[in-house]
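Asker: My structure is in upload_11.cif, and what it holds is mmCIF, N, CA, C and O atoms:
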```cif
data_target
loop_
_atom_site.group_PDB
_atom_site.id
_atom_site.type_symbol
_atom_site.label_atom_id
_atom_site.label_comp_id
_atom_site.auth_asym_id
_atom_site.auth_seq_id
_atom_site.Cartn_x
_atom_site.Cartn_y
_atom_site.Cartn_z
ATOM 1 N N MET L 19 118.727 155.346 52.565
ATOM 2 C CA MET L 19 120.050 154.868 52.214
ATOM 3 C C MET L 19 121.108 155.456 53.142
ATOM 4 O O MET L 19 121.977 154.760 53.598
ATOM 5 N N HIS L 20 120.989 156.755 53.405
ATOM 6 C CA HIS L 20 121.968 157.414 54.264
ATOM 7 C C HIS L 20 121.945 156.814 55.669
ATOM 8 O O HIS L 20 122.989 156.612 56.278
ATOM 9 N N ARG L 21 120.735 156.509 56.168
ATOM 10 C CA ARG L 21 120.602 155.928 57.508
ATOM 11 C C ARG L 21 121.261 154.547 57.569
ATOM 12 O O ARG L 21 121.926 154.210 58.537
ATOM 13 N N ILE L 22 121.072 153.732 56.535
ATOM 14 C CA ILE L 22 121.676 152.397 56.492
ATOM 15 C C ILE L 22 123.201 152.522 56.498
ATOM 16 O O ILE L 22 123.890 151.789 57.208
ATOM 17 N N MET L 23 123.722 153.463 55.733
ATOM 18 C CA MET L 23 125.166 153.662 55.702
ATOM 19 C C MET L 23 125.679 154.086 57.081
ATOM 20 O O MET L 23 126.743 153.658 57.517
ATOM 21 N N GLY L 24 124.909 154.911 57.789
ATOM 22 C CA GLY L 24 125.290 155.350 59.126
ATOM 23 C C GLY L 24 125.326 154.197 60.110
ATOM 24 O O GLY L 24 126.232 154.081 60.932
ATOM 25 N N ILE L 25 124.321 153.316 60.026
ATOM 26 C CA ILE L 25 124.275 152.154 60.919
ATOM 27 C C ILE L 25 125.457 151.232 60.643
ATOM 28 O O ILE L 25 126.105 150.747 61.564
ATOM 29 N N LYS L 26 125.768 150.992 59.384
ATOM 30 C CA LYS L 26 126.911 150.148 59.046
ATOM 31 C C LYS L 26 128.216 150.788 59.512
ATOM 32 O O LYS L 26 129.131 150.107 59.960
ATOM 33 N N GLY L 27 128.295 152.092 59.433
ATOM 34 C CA GLY L 27 129.487 152.795 59.893
ATOM 35 C C GLY L 27 129.700 152.634 61.384
ATOM 36 O O GLY L 27 130.826 152.484 61.844
ATOM 37 N N ILE L 28 128.618 152.640 62.167
ATOM 38 C CA ILE L 28 128.725 152.435 63.610
ATOM 39 C C ILE L 28 129.256 151.036 63.890
ATOM 40 O O ILE L 28 130.115 150.841 64.743
ATOM 41 N N ASP L 29 128.736 150.048 63.178
ATOM 42 C CA ASP L 29 129.205 148.678 63.369
ATOM 43 C C ASP L 29 130.691 148.566 63.062
ATOM 44 O O ASP L 29 131.428 147.911 63.789
ATOM 45 N N LEU L 30 131.134 149.173 61.995
ATOM 46 C CA LEU L 30 132.552 149.113 61.639
ATOM 47 C C LEU L 30 133.407 149.835 62.672
ATOM 48 O O LEU L 30 134.498 149.394 63.006
ATOM 49 N N ARG L 31 132.889 150.926 63.200
ATOM 50 C CA ARG L 31 133.638 151.688 64.200
ATOM 51 C C ARG L 31 133.845 150.845 65.455
ATOM 52 O O ARG L 31 134.950 150.805 65.998
ATOM 53 N N ASN L 32 132.775 150.168 65.914
ATOM 54 C CA ASN L 32 132.913 149.334 67.104
ATOM 55 C C ASN L 32 133.897 148.194 66.873
ATOM 56 O O ASN L 32 134.675 147.856 67.759
ATOM 57 N N ASN L 33 133.878 147.590 65.698
ATOM 58 C CA ASN L 33 134.845 146.530 65.393
ATOM 59 C C ASN L 33 136.265 147.067 65.418
ATOM 60 O O ASN L 33 137.175 146.398 65.918
ATOM 61 N N ASP L 34 136.478 148.256 64.881
ATOM 62 C CA ASP L 34 137.810 148.868 64.907
ATOM 63 C C ASP L 34 138.250 149.157 66.341
ATOM 64 O O ASP L 34 139.401 148.935 66.696
ATOM 65 N N LEU L 35 137.321 149.667 67.163
ATOM 66 C CA LEU L 35 137.658 149.962 68.555
ATOM 67 C C LEU L 35 138.060 148.694 69.295
ATOM 68 O O LEU L 35 139.029 148.685 70.055
ATOM 69 N N MET L 36 137.335 147.598 69.061
ATOM 70 C CA MET L 36 137.657 146.342 69.734
ATOM 71 C C MET L 36 138.972 145.772 69.214
ATOM 72 O O MET L 36 139.769 145.247 69.979
ATOM 73 N N ARG L 37 139.208 145.891 67.928
ATOM 74 C CA ARG L 37 140.459 145.388 67.337
ATOM 75 C C ARG L 37 141.668 146.129 67.912
ATOM 76 O O ARG L 37 142.731 145.544 68.149
ATOM 77 N N LEU L 38 141.499 147.411 68.173
ATOM 78 C CA LEU L 38 142.583 148.239 68.693
ATOM 79 C C LEU L 38 142.597 148.292 70.225
ATOM 80 O O LEU L 38 143.395 149.030 70.808
ATOM 81 N N LEU L 39 141.721 147.495 70.865
ATOM 82 C CA LEU L 39 141.600 147.451 72.326
ATOM 83 C C LEU L 39 141.372 148.832 72.926
ATOM 84 O O LEU L 39 141.990 149.217 73.913
ATOM 85 N N GLN L 40 140.448 149.586 72.322
ATOM 86 C CA GLN L 40 140.075 150.897 72.840
ATOM 87 C C GLN L 40 138.697 150.809 73.492
ATOM 88 O O GLN L 40 137.954 149.852 73.289
ATOM 89 N N THR L 41 138.359 151.807 74.279
ATOM 90 C CA THR L 41 137.080 151.843 74.972
ATOM 91 C C THR L 41 135.945 152.090 73.981
ATOM 92 O O THR L 41 136.037 152.977 73.133
ATOM 93 N N ILE L 42 134.879 151.283 74.118
ATOM 94 C CA ILE L 42 133.671 151.501 73.322
ATOM 95 C C ILE L 42 132.874 152.573 74.053
ATOM 96 O O ILE L 42 132.529 152.402 75.227
ATOM 97 N N PRO L 43 132.559 153.700 73.405
ATOM 98 C CA PRO L 43 131.908 154.813 74.104
ATOM 99 C C PRO L 43 130.480 154.478 74.529
ATOM 100 O O PRO L 43 129.828 153.617 73.953
ATOM 101 N N ALA L 44 130.016 155.191 75.569
ATOM 102 C CA ALA L 44 128.650 155.033 76.056
ATOM 103 C C ALA L 44 127.668 155.577 75.031
ATOM 104 O O ALA L 44 127.984 156.488 74.269
ATOM 105 N N LYS L 45 126.465 154.976 75.027
ATOM 106 C CA LYS L 45 125.414 155.460 74.129
ATOM 107 C C LYS L 45 124.078 155.218 74.803
ATOM 108 O O LYS L 45 123.789 154.095 75.221
ATOM 109 N N GLY L 46 123.275 156.254 74.928
ATOM 110 C CA GLY L 46 121.979 156.121 75.588
ATOM 111 C C GLY L 46 122.171 155.747 77.046
ATOM 112 O O GLY L 46 122.948 156.359 77.766
ATOM 113 N N SER L 47 121.474 154.699 77.493
ATOM 114 C CA SER L 47 121.584 154.270 78.890
ATOM 115 C C SER L 47 122.720 153.271 79.100
ATOM 116 O O SER L 47 123.022 152.901 80.225
ATOM 117 N N ALA L 48 123.352 152.825 78.020
ATOM 118 C CA ALA L 48 124.460 151.858 78.125
ATOM 119 C C ALA L 48 125.736 152.581 78.540
ATOM 120 O O ALA L 48 126.011 153.698 78.102
ATOM 121 N N GLN L 49 126.515 151.939 79.396
ATOM 122 C CA GLN L 49 127.778 152.510 79.848
ATOM 123 C C GLN L 49 128.892 152.167 78.864
ATOM 124 O O GLN L 49 128.784 151.220 78.096
ATOM 125 N N SER L 50 129.958 152.944 78.907
ATOM 126 C CA SER L 50 131.106 152.635 78.054
ATOM 127 C C SER L 50 131.767 151.347 78.551
ATOM 128 O O SER L 50 131.640 150.971 79.713
ATOM 129 N N LYS L 51 132.446 150.647 77.638
ATOM 130 C CA LYS L 51 133.123 149.396 77.970
ATOM 131 C C LYS L 51 134.589 149.512 77.610
ATOM 132 O O LYS L 51 134.947 149.764 76.462
ATOM 133 N N GLY L 52 135.447 149.318 78.606
ATOM 134 C CA GLY L 52 136.884 149.300 78.377
ATOM 135 C C GLY L 52 137.342 147.895 78.034
ATOM 136 O O GLY L 52 136.630 146.922 78.277
ATOM 137 N N PRO L 53 138.517 147.751 77.465
ATOM 138 C CA PRO L 53 138.993 146.431 77.037
ATOM 139 C C PRO L 53 139.169 145.430 78.179
ATOM 140 O O PRO L 53 139.193 144.232 77.937
ATOM 141 N N ASN L 54 139.256 145.884 79.418
ATOM 142 C CA ASN L 54 139.397 144.969 80.552
ATOM 143 C C ASN L 54 138.081 144.715 81.276
ATOM 144 O O ASN L 54 138.056 143.983 82.263
ATOM 145 N N ASP L 55 136.978 145.318 80.809
ATOM 146 C CA ASP L 55 135.673 145.144 81.436
ATOM 147 C C ASP L 55 135.024 143.827 80.998
ATOM 148 O O ASP L 55 135.246 143.358 79.877
ATOM 149 N N MET L 56 134.227 143.259 81.915
ATOM 150 C CA MET L 56 133.432 142.084 81.549
ATOM 151 C C MET L 56 132.443 142.512 80.462
ATOM 152 O O MET L 56 131.878 143.598 80.528
ATOM 153 N N GLY L 57 132.243 141.685 79.474
ATOM 154 C CA GLY L 57 131.304 141.998 78.413
ATOM 155 C C GLY L 57 131.928 142.715 77.231
ATOM 156 O O GLY L 57 131.235 143.062 76.290
ATOM 157 N N TYR L 58 133.227 142.988 77.280
ATOM 158 C CA TYR L 58 133.873 143.654 76.140
ATOM 159 C C TYR L 58 133.870 142.739 74.926
ATOM 160 O O TYR L 58 133.579 143.163 73.821
ATOM 161 N N ILE L 59 134.180 141.472 75.159
ATOM 162 C CA ILE L 59 134.097 140.471 74.100
ATOM 163 C C ILE L 59 133.011 139.500 74.520
ATOM 164 O O ILE L 59 133.071 138.906 75.592
ATOM 165 N N TRP L 60 132.004 139.340 73.679
ATOM 166 C CA TRP L 60 130.866 138.511 74.033
ATOM 167 C C TRP L 60 131.219 137.040 73.904
ATOM 168 O O TRP L 60 131.938 136.628 72.993
ATOM 169 N N PRO L 61 130.704 136.211 74.821
ATOM 170 C CA PRO L 61 130.997 134.777 74.755
ATOM 171 C C PRO L 61 130.287 134.109 73.578
ATOM 172 O O PRO L 61 129.248 134.580 73.116
ATOM 173 N N VAL L 62 130.842 133.022 73.123
ATOM 174 C CA VAL L 62 130.233 132.236 72.049
ATOM 175 C C VAL L 62 129.053 131.483 72.650
ATOM 176 O O VAL L 62 129.147 130.948 73.762
ATOM 177 N N SER L 63 127.935 131.434 71.943
ATOM 178 C CA SER L 63 126.768 130.727 72.451
ATOM 179 C C SER L 63 127.070 129.235 72.582
ATOM 180 O O SER L 63 127.938 128.695 71.904
ATOM 181 N N ALA L 64 126.327 128.565 73.459
ATOM 182 C CA ALA L 64 126.575 127.154 73.755
ATOM 183 C C ALA L 64 126.341 126.257 72.547
ATOM 184 O O ALA L 64 126.994 125.219 72.402
ATOM 185 N N ASN L 65 125.434 126.642 71.651
ATOM 186 C CA ASN L 65 125.142 125.769 70.507
ATOM 187 C C ASN L 65 126.039 126.056 69.294
ATOM 188 O O ASN L 65 125.987 125.338 68.316
ATOM 189 N N GLU L 66 126.871 127.073 69.356
ATOM 190 C CA GLU L 66 127.734 127.412 68.218
ATOM 191 C C GLU L 66 128.698 126.283 67.844
ATOM 192 O O GLU L 66 128.821 125.955 66.665
ATOM 193 N N PRO L 67 129.402 125.656 68.788
ATOM 194 C CA PRO L 67 130.307 124.559 68.398
ATOM 195 C C PRO L 67 129.582 123.387 67.726
ATOM 196 O O PRO L 67 130.156 122.727 66.864
ATOM 197 N N ALA L 68 128.342 123.143 68.115
ATOM 198 C CA ALA L 68 127.583 122.050 67.502
ATOM 199 C C ALA L 68 127.190 122.383 66.066
ATOM 200 O O ALA L 68 127.080 121.497 65.217
ATOM 201 N N LEU L 69 126.978 123.665 65.781
ATOM 202 C CA LEU L 69 126.520 124.086 64.458
ATOM 203 C C LEU L 69 127.671 124.480 63.522
ATOM 204 O O LEU L 69 127.497 124.524 62.324
ATOM 205 N N ASN L 70 128.825 124.794 64.087
ATOM 206 C CA ASN L 70 129.945 125.295 63.299
ATOM 207 C C ASN L 70 131.198 124.473 63.615
ATOM 208 O O ASN L 70 131.794 124.633 64.677
ATOM 209 N N ASN L 71 131.596 123.599 62.703
ATOM 210 C CA ASN L 71 132.747 122.741 62.969
ATOM 211 C C ASN L 71 134.070 123.492 62.957
ATOM 212 O O ASN L 71 135.098 122.951 63.335
ATOM 213 N N LEU L 72 134.085 124.763 62.538
ATOM 214 C CA LEU L 72 135.296 125.567 62.582
ATOM 215 C C LEU L 72 135.512 126.203 63.951
ATOM 216 O O LEU L 72 136.575 126.743 64.240
ATOM 217 N N CYS L 73 134.494 126.140 64.793
ATOM 218 C CA CYS L 73 134.564 126.720 66.131
ATOM 219 C C CYS L 73 135.231 125.720 67.081
ATOM 220 O O CYS L 73 134.740 124.621 67.284
ATOM 221 N N THR L 74 136.369 126.098 67.648
ATOM 222 C CA THR L 74 137.095 125.218 68.570
ATOM 223 C C THR L 74 137.410 125.973 69.859
ATOM 224 O O THR L 74 137.456 127.197 69.883
ATOM 225 N N ASP L 75 137.651 125.230 70.931
ATOM 226 C CA ASP L 75 138.047 125.846 72.198
ATOM 227 C C ASP L 75 139.463 126.398 72.098
ATOM 228 O O ASP L 75 140.305 125.834 71.398
ATOM 229 N N ASN L 76 139.701 127.490 72.790
ATOM 230 C CA ASN L 76 141.053 128.068 72.829
ATOM 231 C C ASN L 76 141.874 127.385 73.875
ATOM 232 O O ASN L 76 141.497 126.993 74.877
#
```
Would you kindly transcribe this structure into structure tokens?
Answerer:
Amino acid sequence: MHRIMGIKGIDLRNNDLMRLLQTIPAKGSAQSKGPNDMGYIWPVSANEPALNNLCTDN
């Protein structure tokens, strides 16, 4: 149970960091990502608009 809570906490932390446009820290072999780096916000998959009618182009 404690491990599951820890994993959920990490997910919430990353969402907060992205919402506040802060750097996501490095972990393991992955490098840290700043708000201006490629890959900070992941692209929507190509089939998402076909499956989700709420998904529209910006």
Asker: Do a neighbour search on range 52-57 of chain L at 6 Å with all atoms listed in the file, toss out local chain neighbours closer than 2 positions, and write the hits as a list in words.
Answerer: Leu39, Gln40, Thr41, Ile42, Ser50, Ile59 and Trp60 of chain L
Asker: Record the distance separating CA of Ser47 in chain L and atom C of Ser63 in chain L, expressed in Å with one decimal.
Answerer: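 We find that CA of Ser47 in chain L and atom C of Ser63 in chain L lie 26.4 Å from each other.
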Asker: Rounded to one decimal, what separation in Å do you get between atom C of Asn70 in chain L and CA of Leu30 in chain L?
Answerer: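 CA of Leu30 in chain L lies at a distance of 24.8 Å from atom C of Asn70 in chain L.
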Asker: How big is the axis-aligned box around all listed atoms of range 58-72 of chain L once 6 Å goes on each side, and where's its centre, in Å to one decimal, as lines of an AutoDock Vina configuration file?
Answerer:
```
center_x = 130.9
center_y = 132.6
center_z = 69.8
size_x = 23.4
size_y = 34.2
size_z = 27.0
```
Asker: Please, what distance in Å, to one decimal, runs between atom C of Lys51 in chain L and atom C of Met36 in chain L?
Answerer: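 One can read the atom C of Lys51 in chain L to atom C of Met36 in chain L distance as 10.2 Å.
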